[in-house]
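Engineer: Hey, dropping my_file33.txt in here, compact mmCIF, C-alpha atoms:
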```txt
# COMPACT_ATOMS: atom_id res chain seq x y z
CA MET A 1 -45.43 -25.43 49.90
CA ILE A 2 -47.89 -24.72 47.05
CA LYS A 3 -48.66 -21.33 48.64
CA ILE A 4 -44.95 -20.45 48.73
CA ILE A 5 -44.55 -21.41 45.04
CA CYS A 6 -47.65 -19.36 44.09
CA LEU A 7 -46.39 -16.35 46.04
CA TYR A 8 -42.99 -16.70 44.40
CA CYS A 9 -44.56 -16.87 40.93
CA LEU A 10 -46.77 -13.85 41.63
CA THR A 11 -43.79 -11.84 42.90
CA CYS A 12 -41.71 -12.80 39.86
CA GLY A 13 -44.63 -11.97 37.54
CA PHE A 14 -45.11 -8.59 39.22
CA LEU A 15 -41.41 -7.79 39.01
CA PHE A 16 -41.32 -8.88 35.34
CA CYS A 17 -44.29 -6.63 34.52
CA GLN A 18 -42.69 -3.68 36.24
CA ALA A 19 -39.37 -4.28 34.48
CA GLN A 20 -40.86 -4.72 31.01
CA TYR A 21 -40.60 -1.00 30.26
CA PRO A 22 -38.05 0.57 32.61
CA GLY A 23 -39.43 3.71 34.25
CA TYR A 24 -43.03 2.79 33.37
CA THR A 25 -45.72 1.17 35.51
CA LEU A 26 -48.90 -0.48 34.32
CA MET A 27 -51.72 2.10 34.24
CA ASN A 28 -54.35 1.67 36.96
CA ASN A 29 -57.26 3.40 35.27
CA PRO A 30 -56.88 2.90 31.52
CA ASP A 31 -60.55 3.73 30.89
CA ASN A 32 -60.14 7.24 32.33
CA PHE A 33 -57.11 7.76 30.14
CA LYS A 34 -58.86 6.42 27.04
CA GLN A 35 -61.69 8.90 27.59
CA SER A 36 -59.35 11.91 27.94
CA PHE A 37 -57.28 10.66 25.03
CA ALA A 38 -60.32 10.33 22.76
CA GLN A 39 -61.40 13.85 23.72
CA ALA A 40 -57.95 15.31 23.01
CA THR A 41 -57.47 13.52 19.68
CA SER A 42 -60.95 14.50 18.48
CA SER A 43 -59.82 18.13 18.54
CA THR A 44 -56.56 17.37 16.66
CA ARG A 45 -57.08 18.34 13.03
CA THR A 46 -53.48 18.46 11.84
CA ILE A 47 -49.98 17.60 13.00
CA GLN A 48 -46.74 18.57 11.37
CA SER A 49 -43.41 17.58 12.72
CA ASP A 50 -39.80 16.71 12.02
CA PHE A 51 -38.84 13.14 12.67
CA SER A 52 -35.78 11.00 13.11
CA GLN A 53 -35.84 7.28 12.43
CA GLU A 54 -33.50 4.74 13.93
CA LYS A 55 -33.52 1.26 12.47
CA SER A 56 -31.66 -1.18 14.74
CA LEU A 57 -30.43 -4.35 13.09
CA THR A 58 -30.06 -6.33 16.27
CA MET A 59 -28.35 -9.42 14.90
CA LEU A 60 -25.93 -7.32 12.88
CA SER A 61 -25.24 -4.84 15.73
CA GLU A 62 -25.91 -1.95 13.37
CA LYS A 63 -28.14 1.10 13.17
CA ILE A 64 -29.38 3.03 10.17
CA ASN A 65 -30.49 6.59 10.94
CA SER A 66 -32.64 8.79 8.75
CA THR A 67 -34.51 12.06 9.14
CA GLY A 68 -37.45 13.75 7.49
CA LYS A 69 -40.67 15.65 7.83
CA PHE A 70 -44.13 14.44 8.70
CA TRP A 71 -47.60 15.89 7.99
CA TYR A 72 -50.96 14.52 9.13
CA GLN A 73 -54.43 15.81 8.41
CA LYS A 74 -57.60 14.33 9.82
CA GLU A 75 -59.03 11.76 8.95
CA ASP A 76 -56.66 9.78 6.83
CA ARG A 77 -54.10 11.95 5.13
CA LEU A 78 -50.43 11.50 5.84
CA ARG A 79 -47.22 12.58 4.16
CA MET A 80 -43.78 11.33 5.20
CA GLN A 81 -40.79 12.73 3.43
CA TYR A 82 -37.27 11.48 4.10
CA PHE A 83 -34.43 13.87 3.31
CA GLN A 84 -31.39 12.21 4.88
CA PRO A 85 -29.54 10.06 3.99
CA TYR A 86 -31.91 9.36 1.06
CA ASP A 87 -34.92 10.96 -0.64
CA TYR A 88 -38.15 9.09 -0.17
CA LEU A 89 -41.71 10.35 -0.25
CA MET A 90 -44.84 8.55 0.85
CA ILE A 91 -48.35 10.05 0.74
CA LEU A 92 -51.43 8.31 2.10
CA ASN A 93 -54.68 9.95 1.06
CA ALA A 94 -58.15 8.41 1.34
CA GLY A 95 -56.81 4.86 1.29
CA LYS A 96 -54.50 5.43 -1.67
CA ILE A 97 -50.73 5.30 -1.32
CA TYR A 98 -48.25 7.19 -3.46
CA VAL A 99 -44.54 6.45 -3.19
CA LYS A 100 -41.65 8.23 -4.86
CA ASP A 101 -38.25 6.67 -4.36
CA GLY A 102 -35.62 8.54 -6.30
CA GLN A 103 -37.14 9.10 -9.74
CA LYS A 104 -39.53 6.17 -9.57
CA GLU A 105 -43.18 6.80 -8.68
CA SER A 106 -45.71 4.15 -7.74
CA LYS A 107 -49.30 4.09 -6.56
CA ILE A 108 -51.21 1.50 -4.59
CA SER A 109 -54.97 1.62 -5.06
CA ALA A 110 -57.60 1.67 -2.34
CA GLY A 111 -58.87 -1.81 -3.18
CA SER A 112 -55.58 -3.63 -2.80
CA SER A 113 -55.11 -5.73 0.31
CA ASN A 114 -51.43 -5.04 0.64
CA VAL A 115 -49.47 -5.57 3.87
CA PHE A 116 -47.52 -2.43 2.94
CA LYS A 117 -50.78 -0.51 3.04
CA GLN A 118 -51.77 -2.10 6.35
CA VAL A 119 -48.41 -1.25 7.91
CA ASN A 120 -48.66 2.36 6.78
CA ARG A 121 -52.21 2.56 8.09
CA ILE A 122 -50.72 1.84 11.53
CA LEU A 123 -48.76 5.09 11.26
CA ILE A 124 -51.98 7.07 10.79
CA ASP A 125 -53.60 5.24 13.69
CA CYS A 126 -50.61 5.98 15.90
CA VAL A 127 -50.73 9.72 15.37
CA SER A 128 -54.49 10.11 15.09
CA GLY A 129 -55.30 8.10 18.21
CA GLY A 130 -57.13 5.39 16.28
CA MET A 131 -54.85 2.65 17.55
CA LEU A 132 -56.84 2.01 20.73
CA LYS A 133 -59.87 1.15 18.61
CA ASN A 134 -58.01 -0.93 16.04
CA PRO A 135 -59.30 -4.54 16.26
CA ASP A 136 -56.05 -5.82 14.75
CA PHE A 137 -54.25 -5.09 18.06
CA HIS A 138 -54.57 -5.78 21.75
CA SER A 139 -53.51 -2.72 23.72
CA GLN A 140 -52.02 -2.29 27.18
CA LEU A 141 -51.23 1.07 28.77
CA TRP A 142 -48.16 1.98 30.81
CA GLU A 143 -47.27 5.34 32.30
CA ASN A 144 -44.66 7.44 34.01
CA GLN A 145 -44.78 11.03 35.17
CA GLY A 146 -44.71 12.69 31.75
CA SER A 147 -45.79 10.08 29.26
CA VAL A 148 -47.99 7.13 28.45
CA LEU A 149 -46.72 4.08 26.63
CA VAL A 150 -49.31 2.28 24.53
CA GLU A 151 -48.25 -1.29 23.88
CA LEU A 152 -49.97 -2.81 20.86
CA LYS A 153 -49.76 -6.55 20.31
CA PRO A 154 -50.92 -7.65 16.87
CA LEU A 155 -53.87 -10.03 16.70
CA ALA A 156 -54.20 -10.22 12.92
CA LYS A 157 -52.22 -13.16 11.50
CA ASN A 158 -50.37 -11.20 8.80
CA LEU A 159 -49.27 -8.53 11.30
CA LYS A 160 -48.28 -11.15 13.88
CA GLU A 161 -45.86 -12.58 11.32
CA LEU A 162 -44.12 -9.19 11.09
CA TYR A 163 -44.32 -7.51 14.49
CA LYS A 164 -43.92 -8.64 18.09
CA ASN A 165 -45.42 -5.36 19.23
CA ILE A 166 -45.70 -1.72 18.35
CA ASN A 167 -45.28 0.81 21.16
CA ILE A 168 -46.38 4.42 21.02
CA VAL A 169 -45.15 6.97 23.53
CA LEU A 170 -47.67 9.77 24.12
CA ASP A 171 -46.97 13.10 25.77
CA LYS A 172 -49.31 13.52 28.75
CA LYS A 173 -49.49 17.27 28.10
CA ASP A 174 -51.19 17.13 24.71
CA TYR A 175 -51.63 13.37 24.13
CA SER A 176 -49.59 13.60 20.93
CA ALA A 177 -47.20 10.81 19.90
CA THR A 178 -43.56 11.56 20.66
CA ALA A 179 -42.21 8.21 19.50
CA ILE A 180 -43.31 5.02 17.76
CA GLU A 181 -41.32 1.84 18.27
CA MET A 182 -41.92 -1.11 15.98
CA ASP A 183 -40.46 -4.37 17.27
CA GLU A 184 -40.23 -6.98 14.57
CA VAL A 185 -40.43 -10.72 15.05
CA SER A 186 -36.87 -10.90 13.63
CA GLY A 187 -35.55 -8.89 16.61
CA ASN A 188 -34.92 -5.79 14.49
CA LYS A 189 -36.66 -2.62 15.56
CA THR A 190 -37.46 0.82 14.22
CA ILE A 191 -37.98 3.89 16.38
CA ILE A 192 -39.49 7.04 14.89
CA ARG A 193 -39.11 10.09 17.14
CA PHE A 194 -41.13 13.23 16.49
CA LYS A 195 -39.81 16.68 17.32
CA ASN A 196 -40.75 20.32 16.62
CA LYS A 197 -44.39 19.27 16.59
CA GLU A 198 -47.07 21.75 15.57
CA ILE A 199 -50.60 20.71 16.34
CA ASN A 200 -53.52 22.17 14.36
CA ALA A 201 -51.29 24.39 12.24
CA HIS A 202 -52.66 25.12 8.76
CA ILE A 203 -51.44 22.56 6.20
CA PRO A 204 -52.41 23.21 2.56
CA ASP A 205 -54.38 20.38 0.92
CA THR A 206 -51.78 20.26 -1.85
CA VAL A 207 -49.31 18.69 0.61
CA PHE A 208 -51.37 15.49 0.40
CA ASN A 209 -52.09 15.59 -3.33
CA ILE A 210 -51.31 12.39 -5.15
CA PRO A 211 -50.04 13.33 -8.63
CA MET B 1 -34.68 -51.09 -33.36
CA ARG B 2 -37.02 -48.54 -34.91
CA ILE B 3 -37.88 -47.10 -31.49
CA PHE B 4 -34.19 -46.92 -30.67
CA LEU B 5 -33.49 -45.01 -33.89
CA ILE B 6 -36.32 -42.55 -33.21
CA ARG B 7 -35.08 -41.96 -29.66
CA PHE B 8 -31.50 -41.61 -30.82
CA SER B 9 -32.45 -39.08 -33.52
CA ILE B 10 -34.44 -37.04 -30.95
CA PHE B 11 -31.42 -37.11 -28.63
CA LEU B 12 -29.07 -36.17 -31.46
CA SER B 13 -31.25 -33.28 -32.63
CA GLY B 14 -31.44 -32.08 -29.01
CA VAL B 15 -27.65 -32.09 -28.76
CA VAL B 16 -27.27 -30.30 -32.12
CA LEU B 17 -29.96 -27.74 -31.19
CA ASN B 18 -28.37 -27.19 -27.81
CA TYR B 19 -24.95 -26.67 -29.34
CA SER B 20 -26.18 -24.41 -32.12
CA CYS B 21 -28.22 -22.27 -29.69
CA SER B 22 -25.41 -21.73 -27.22
CA GLN B 23 -24.26 -18.14 -27.17
CA TYR B 24 -20.83 -19.25 -26.00
CA ARG B 25 -20.21 -21.81 -28.76
CA HIS B 26 -18.25 -19.47 -31.02
CA MET B 27 -15.77 -18.66 -28.25
CA GLN B 28 -12.33 -20.15 -27.98
CA ARG B 29 -10.89 -21.67 -24.85
CA VAL B 30 -7.94 -19.55 -23.86
CA GLN B 31 -5.30 -19.70 -21.21
CA SER B 32 -5.95 -17.20 -18.52
CA ASP B 33 -5.12 -16.42 -14.96
CA GLU B 34 -7.81 -16.72 -12.31
CA SER B 35 -6.06 -14.05 -10.26
CA CYS B 36 -7.09 -11.58 -12.95
CA ILE B 37 -10.61 -11.78 -11.57
CA GLN B 38 -9.73 -11.63 -7.89
CA LYS B 39 -8.42 -8.07 -8.20
CA PHE B 40 -11.94 -6.91 -9.13
CA LYS B 41 -13.54 -8.49 -6.09
CA PRO B 42 -15.51 -5.78 -4.28
CA GLU B 43 -15.23 -5.47 -0.51
CA PHE B 44 -18.57 -5.15 1.24
CA ASP B 45 -17.34 -4.56 4.78
CA ARG B 46 -20.31 -2.52 5.90
CA VAL B 47 -22.42 -0.62 3.40
CA VAL B 48 -26.01 0.48 2.75
CA TYR B 49 -27.50 0.66 -0.74
CA ARG B 50 -30.64 2.50 -1.74
CA THR B 51 -32.41 -0.23 -3.64
CA SER B 52 -35.22 -0.41 -6.12
CA ALA B 53 -36.44 -3.50 -7.88
CA ASP B 54 -38.94 -4.07 -10.67
CA VAL B 55 -40.34 -7.56 -10.83
CA VAL B 56 -42.86 -8.42 -13.54
CA GLY B 57 -44.60 -5.05 -13.37
CA LYS B 58 -44.33 -4.62 -9.60
CA HIS B 59 -42.01 -2.10 -7.99
CA ILE B 60 -40.41 -2.34 -4.58
CA SER B 61 -37.83 -0.09 -2.95
CA GLY B 62 -35.88 0.01 0.28
CA LEU B 63 -32.46 -0.18 1.83
CA LEU B 64 -30.07 -3.08 1.32
CA PHE B 65 -27.51 -3.48 4.06
CA ILE B 66 -24.42 -5.60 3.39
CA LYS B 67 -22.02 -6.49 6.18
CA PHE B 68 -19.00 -8.75 6.38
CA MET B 69 -19.28 -10.47 9.76
CA PRO B 70 -16.49 -11.50 12.18
CA ASP B 71 -17.20 -15.19 11.41
CA SER B 72 -16.32 -14.50 7.74
CA SER B 73 -19.92 -14.69 6.62
CA THR B 74 -21.62 -11.91 4.67
CA ARG B 75 -25.09 -10.78 5.71
CA ILE B 76 -27.51 -9.07 3.35
CA LEU B 77 -30.57 -7.43 4.87
CA PHE B 78 -33.25 -5.65 2.88
CA SER B 79 -35.77 -3.38 4.59
CA SER B 80 -38.35 -0.80 3.58
CA GLU B 81 -37.50 2.89 3.97
CA THR B 82 -39.95 3.07 6.85
CA GLY B 83 -38.15 0.27 8.64
CA LEU B 84 -39.84 -3.07 7.98
CA SER B 85 -37.29 -5.85 7.33
CA TYR B 86 -38.08 -7.82 4.17
CA PHE B 87 -35.30 -10.38 4.31
CA ASP B 88 -32.03 -11.19 6.04
CA PHE B 89 -29.77 -13.66 4.21
CA GLY B 90 -26.44 -15.05 5.37
CA PHE B 91 -23.72 -16.16 2.95
CA LEU B 92 -21.70 -18.38 5.25
CA PRO B 93 -18.16 -19.74 4.91
CA ASP B 94 -17.82 -22.84 2.68
CA ASP B 95 -20.43 -21.43 0.32
CA GLU B 96 -23.29 -22.22 2.68
CA PHE B 97 -26.41 -20.06 2.62
CA LYS B 98 -28.89 -19.33 5.41
CA VAL B 99 -32.19 -17.46 5.49
CA PHE B 100 -32.21 -15.71 8.86
CA GLN B 101 -35.50 -13.98 8.23
CA VAL B 102 -37.93 -13.38 5.38
CA THR B 103 -41.39 -11.80 5.35
CA PRO B 104 -44.20 -14.15 4.34
CA ALA B 105 -44.80 -12.13 1.16
CA MET B 106 -41.23 -12.79 0.00
CA ASN B 107 -40.95 -16.31 1.32
CA LYS B 108 -41.04 -17.94 -2.12
CA LYS B 109 -38.54 -20.69 -2.86
CA SER B 110 -37.89 -19.54 -6.43
CA LEU B 111 -37.40 -15.89 -5.39
CA ILE B 112 -34.98 -16.80 -2.61
CA ARG B 113 -33.05 -19.11 -4.95
CA THR B 114 -32.80 -16.38 -7.59
CA LEU B 115 -31.64 -13.75 -5.08
CA ARG B 116 -29.15 -16.19 -3.61
CA LYS B 117 -27.59 -16.87 -7.02
CA ASP B 118 -27.60 -13.19 -7.97
CA PHE B 119 -25.79 -12.12 -4.81
CA GLU B 120 -23.38 -15.06 -4.96
CA LEU B 121 -22.25 -13.77 -8.35
CA ILE B 122 -21.79 -10.22 -7.06
CA LEU B 123 -20.06 -11.33 -3.87
CA PHE B 124 -17.61 -13.44 -5.94
CA ARG B 125 -18.63 -16.65 -4.19
CA ASN B 126 -18.63 -20.29 -5.38
CA MET B 127 -15.45 -19.71 -7.38
CA ASP B 128 -13.99 -23.19 -7.45
CA SER B 129 -10.47 -22.89 -8.91
CA SER B 130 -10.41 -26.55 -9.92
CA LYS B 131 -13.31 -25.97 -12.32
CA TYR B 132 -12.15 -22.62 -13.64
CA TYR B 133 -11.64 -22.08 -17.36
CA SER B 134 -11.77 -19.11 -19.67
CA LEU B 135 -13.23 -18.38 -23.07
CA SER B 136 -12.56 -15.54 -25.42
CA ASP B 137 -14.36 -13.80 -28.24
CA THR B 138 -12.86 -10.99 -30.30
CA HIS B 139 -13.12 -8.42 -27.52
CA PHE B 140 -13.53 -10.01 -24.12
CA VAL B 141 -12.38 -12.83 -21.90
CA TYR B 142 -15.10 -14.83 -20.14
CA HIS B 143 -13.76 -16.21 -16.86
CA ALA B 144 -16.01 -19.18 -16.20
CA PHE B 145 -16.84 -20.78 -12.86
CA PRO B 146 -19.23 -23.71 -13.27
CA GLN B 147 -21.96 -23.91 -10.62
CA SER B 148 -24.16 -26.81 -9.55
CA SER B 149 -26.39 -25.68 -12.41
CA GLY B 150 -25.17 -23.23 -15.02
CA VAL B 151 -22.02 -21.15 -15.09
CA ASN B 152 -20.98 -17.82 -13.58
CA TYR B 153 -18.95 -15.65 -15.94
CA TYR B 154 -16.82 -12.64 -15.05
CA VAL B 155 -16.17 -10.79 -18.27
CA THR B 156 -13.03 -8.69 -18.63
CA ASP B 157 -11.24 -6.96 -21.48
CA SER B 158 -8.47 -9.00 -23.06
CA ASN B 159 -5.78 -7.25 -20.99
CA CYS B 160 -7.69 -7.78 -17.76
CA LEU B 161 -7.77 -4.06 -16.98
CA GLN B 162 -11.52 -3.80 -16.57
CA LEU B 163 -14.38 -5.96 -15.30
CA VAL B 164 -16.93 -5.35 -18.04
CA LYS B 165 -19.82 -7.33 -16.57
CA MET B 166 -20.82 -10.43 -14.68
CA GLN B 167 -23.14 -13.09 -16.02
CA ARG B 168 -25.11 -16.01 -14.75
CA ALA B 169 -25.75 -18.42 -17.55
CA SER B 170 -27.54 -21.65 -18.22
CA ASP B 171 -25.71 -24.16 -20.39
CA LYS B 172 -26.87 -22.28 -23.46
CA LYS B 173 -27.28 -18.59 -22.77
CA PRO B 174 -26.94 -15.84 -20.18
CA VAL B 175 -29.91 -15.55 -17.82
CA MET B 176 -28.72 -12.58 -15.77
CA GLU B 177 -26.21 -9.77 -16.17
CA ALA B 178 -24.76 -7.58 -13.45
CA PHE B 179 -22.70 -4.43 -13.71
CA ILE B 180 -20.77 -2.70 -10.96
CA TYR B 181 -19.76 0.93 -11.13
CA GLY B 182 -17.37 3.10 -9.19
CA SER B 183 -15.54 0.24 -7.62
CA LEU B 184 -11.98 0.73 -6.46
CA PRO B 185 -9.88 -2.20 -5.25
CA GLY B 186 -10.76 -2.96 -1.64
CA ASN B 187 -13.92 -0.84 -1.79
CA SER B 188 -17.62 -1.42 -2.20
CA PRO B 189 -19.05 -0.32 -5.57
CA ASP B 190 -20.99 2.97 -5.78
CA SER B 191 -23.77 1.31 -7.74
CA ILE B 192 -24.79 -2.11 -8.96
CA VAL B 193 -27.30 -3.09 -11.64
CA ILE B 194 -28.73 -6.61 -11.83
CA ARG B 195 -30.74 -7.40 -14.94
CA HIS B 196 -32.46 -10.71 -15.61
CA LEU B 197 -32.71 -11.67 -19.25
CA ASN B 198 -35.26 -14.48 -19.15
CA PHE B 199 -37.94 -12.56 -17.23
CA ASN B 200 -38.64 -8.97 -16.24
CA PHE B 201 -36.62 -8.50 -13.06
CA THR B 202 -34.18 -5.64 -12.51
CA ILE B 203 -32.48 -4.44 -9.33
CA PHE B 204 -30.70 -1.10 -8.95
CA LEU B 205 -28.42 -0.46 -5.98
CA LYS B 206 -26.98 2.96 -5.19
CA LYS B 207 -24.65 3.46 -2.24
CA VAL B 208 -25.97 5.67 0.56
CA ALA B 209 -23.61 8.02 2.44
CA PRO B 210 -21.20 6.12 4.72
CA LEU B 211 -22.65 4.72 7.91
CA ALA B 212 -21.80 6.21 11.27
CA ALA B 213 -19.46 4.10 13.38
CA GLN B 214 -21.23 1.99 15.99
```
Go through the file and emit its structure as structure tokens.
Structural biologist:
Amino acid sequence: MIKIICLYCLTCGFLFCQAQYPGYTLMNNPDNFKQSFAQATSSTRTIQSDFSQEKSLTMLSEKINSTGKFWYQKEDRLRMQYFQPYDYLMILNAGKIYVKDGQKESKISAGSSNVFKQVNRILIDCVSGGMLKNPDFHSQLWENQGSVLVELKPLAKNLKELYKNINIVLDKKDYSATAIEMDEVSGNKTIIRFKNKEINAHIPDTVFNIP
Amino acid sequence: MRIFLIRFSIFLSGVVLNYSCSQYRHMQRVQSDESCIQKFKPEFDRVVYRTSADVVGKHISGLLFIKFMPDSSTRILFSSETGLSYFDFGFLPDDEFKVFQVTPAMNKKSLIRTLRKDFELILFRNMDSSKYYSLSDTHFVYHAFPQSSGVNYYVTDSNCLQLVKMQRASDKKPVMEAFIYGSLPGNSPDSIVIRHLNFNFTIFLKKVAPLAAQ
């Protein structure tokens, strides 16, 4: 009887794992992937891309969509500029954050231990490939024919209070991120999808200048 | 007897001071119609506001989503531009209030209480007709709705053609003022300004382009 119950539990567990991300199966050799991924991301110097963002307010059955442009330069420079339906600019450069919302500008210094800064750091990690080494998360890899899904579960207390998990979808062709999904503890989620990606295109330093 | 006299004089001076300090003391009670105010009530069926707030030297911005729900409650959700939800408040029927979600950084009793009162004023909630009265100075009519503490005022011109401002007040003086702009009857305002008078806290709301249908 105990054997039957164990077998039943194992089958249910297996089915649950397979169904967690429809179309994806748990990766058999994550170490091989991690090696190839590290190699590929080490040669990525810049990324520029358009993006669309979909914020789903689950309990309110609503979505807020926005679009913008995204620039990344190794090691830690990032610029996200929203154009629709609102203007918003965020630049991360050497640990400093500059934000311009409408006419208002604000800066967050390198020394501050701000959750805002930590959350934005995740964006850099997601596109630069640093997320698999980030000690604030436990990672699990899933795959299908064309892509790899990196599931990140927060370990740090302050991130655990905000996010259930953060998933990054990587293109198997060039290991670049095609989407980032941030699932909040509240049930709300945000998906950022990247399109028209250009890898290692020249990006002037001035793009990341903090005024 | 001496102690009684001292206590009584302290009490009396408190009452006199309170009365003399009140910014509403010079106003006259006037007869007015509560329905005057109802016509200015904004409708927040489903709207997103670009929001920026300055609180004692700190700046925060994001998107404020307001939705009137099928159960007659109104939900207010504030999130960062990059998607992180800061808070989700529910203004339920019968003037109940519920915090559905709040980030640890914003989970401060005094902040939540302040935001609750601010939005209750703007949403035209807690307007108990049985307690309603109105005051008038030379220019404006102050439509007063006493709250559990303090009073909410909706200030109109004497002909009730325009809602000039909204005020939250203690017994003595206004503690917060709010202004709505571009509001047509049955519509949500184009912009809203909330300005606290007893400490440095200002919120600006500017309507974002209409949402796509779900």
Engineer: Restrict the calculation to all atoms listed in the file, then for each residue of chain B with any atom at most 10 Å from an atom of chain A give the closest atom pair and their distance in Å to one decimal, rows by chain and rising residue number, as CSV.
Structural biologist:
```
residue,atom,partner,partner_atom,distance
B:Arg46,CA,A:Glu62,CA,9.4
B:Val48,CA,A:Ile64,CA,8.5
B:Tyr49,CA,A:Tyr86,CA,9.9
B:Arg50,CA,A:Tyr86,CA,7.5
B:Thr51,CA,A:Asp101,CA,9.1
B:Ser52,CA,A:Asp101,CA,7.9
B:Lys58,CA,A:Ser106,CA,9.1
B:His59,CA,A:Ser106,CA,7.3
B:Ile60,CA,A:Ser106,CA,9.0
B:Ser61,CA,A:Asp101,CA,6.9
B:Gly62,CA,A:Asp101,CA,8.5
B:Leu63,CA,A:Ile64,CA,9.5
B:Phe65,CA,A:Ile64,CA,9.1
B:Ile66,CA,A:Leu60,CA,9.8
B:Lys67,CA,A:Leu60,CA,7.8
B:Phe68,CA,A:Leu60,CA,9.6
B:Met69,CA,A:Leu60,CA,8.0
B:Arg75,CA,A:Leu60,CA,8.0
B:Ile76,CA,A:Leu60,CA,9.8
B:Leu77,CA,A:Leu57,CA,8.8
B:Ser79,CA,A:Lys55,CA,9.4
B:Ser80,CA,A:Phe116,CA,9.3
B:Glu81,CA,A:Tyr88,CA,7.5
B:Thr82,CA,A:Thr190,CA,8.1
B:Gly83,CA,A:Thr190,CA,5.6
B:Leu84,CA,A:Glu184,CA,7.7
B:Ser85,CA,A:Asn188,CA,7.5
B:Tyr86,CA,A:Leu162,CA,9.3
B:Phe87,CA,A:Ser186,CA,9.5
B:Asp88,CA,A:Ser186,CA,9.0
B:Phe100,CA,A:Ser186,CA,8.2
B:Gln101,CA,A:Ser186,CA,6.4
B:Val102,CA,A:Ser186,CA,8.7
B:Thr103,CA,A:Leu162,CA,6.9
B:Pro104,CA,A:Glu161,CA,7.3
B:Ala105,CA,A:Val115,CA,8.5
B:Lys207,CA,A:Tyr86,CA,9.9
B:Val208,CA,A:Pro85,CA,6.6
B:Ala209,CA,A:Pro85,CA,6.5
B:Pro210,CA,A:Pro85,CA,9.3
B:Leu211,CA,A:Ile64,CA,7.3
B:Ala212,CA,A:Ile64,CA,8.3
B:Ala213,CA,A:Glu62,CA,8.8
B:Gln214,CA,A:Glu62,CA,6.7
```
Engineer: Applying 10 Å and all atoms listed in the file, which residues near range 177-186 of chain B remain after dropping the ones on its own chain fewer than 6 positions away? List them as an MDAnalysis selection string.
Structural biologist: chainID B and resid 38:45 118:119 121:122 152:154 163:169 192:197 202:206
Engineer: From the list A:Leu123, A:Thr67, A:Gln118, A:Ile168, which residue is nearest Leu141 in chain A when using all atoms listed in the file?
Structural biologist: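 Ranked by minimum distance to Leu141 in chain A, first place goes to A:Ile168.
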Engineer: To one decimal place in Å, what is the distance between CA of Asn93 in chain A and CA of Arg77 in chain A?
Structural biologist: 4.6 Å
Engineer: Using only C-alpha atoms, which of A:Ile108, A:Phe51, A:Asp31, A:Gly146 sits nearest Tyr175 in chain A?
Structural biologist: A:Gly146
Engineer: In Å to one decimal, how far is CA of Gly95 in chain A from CA of Thr206 in chain A?
Structural biologist: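 That distance, rounded to one decimal, is 16.5 Å.
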Engineer: Identify which of the residues B:Lys131, B:Val47, B:Ile37, B:Arg113 lies closest to Gln162 in chain B, counting all atoms listed in the file when measuring atom-to-atom distances.
Structural biologist: B:Ile37
Engineer: Give the answer as one residue: which of A:Tyr98, A:Lys157, A:Ile124, A:Gln81 has the shortest atom-to-atom distance to Asp136 in chain A, using all atoms listed in the file?
Structural biologist: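 Smallest distance to Asp136 in chain A is found for A:Lys157.
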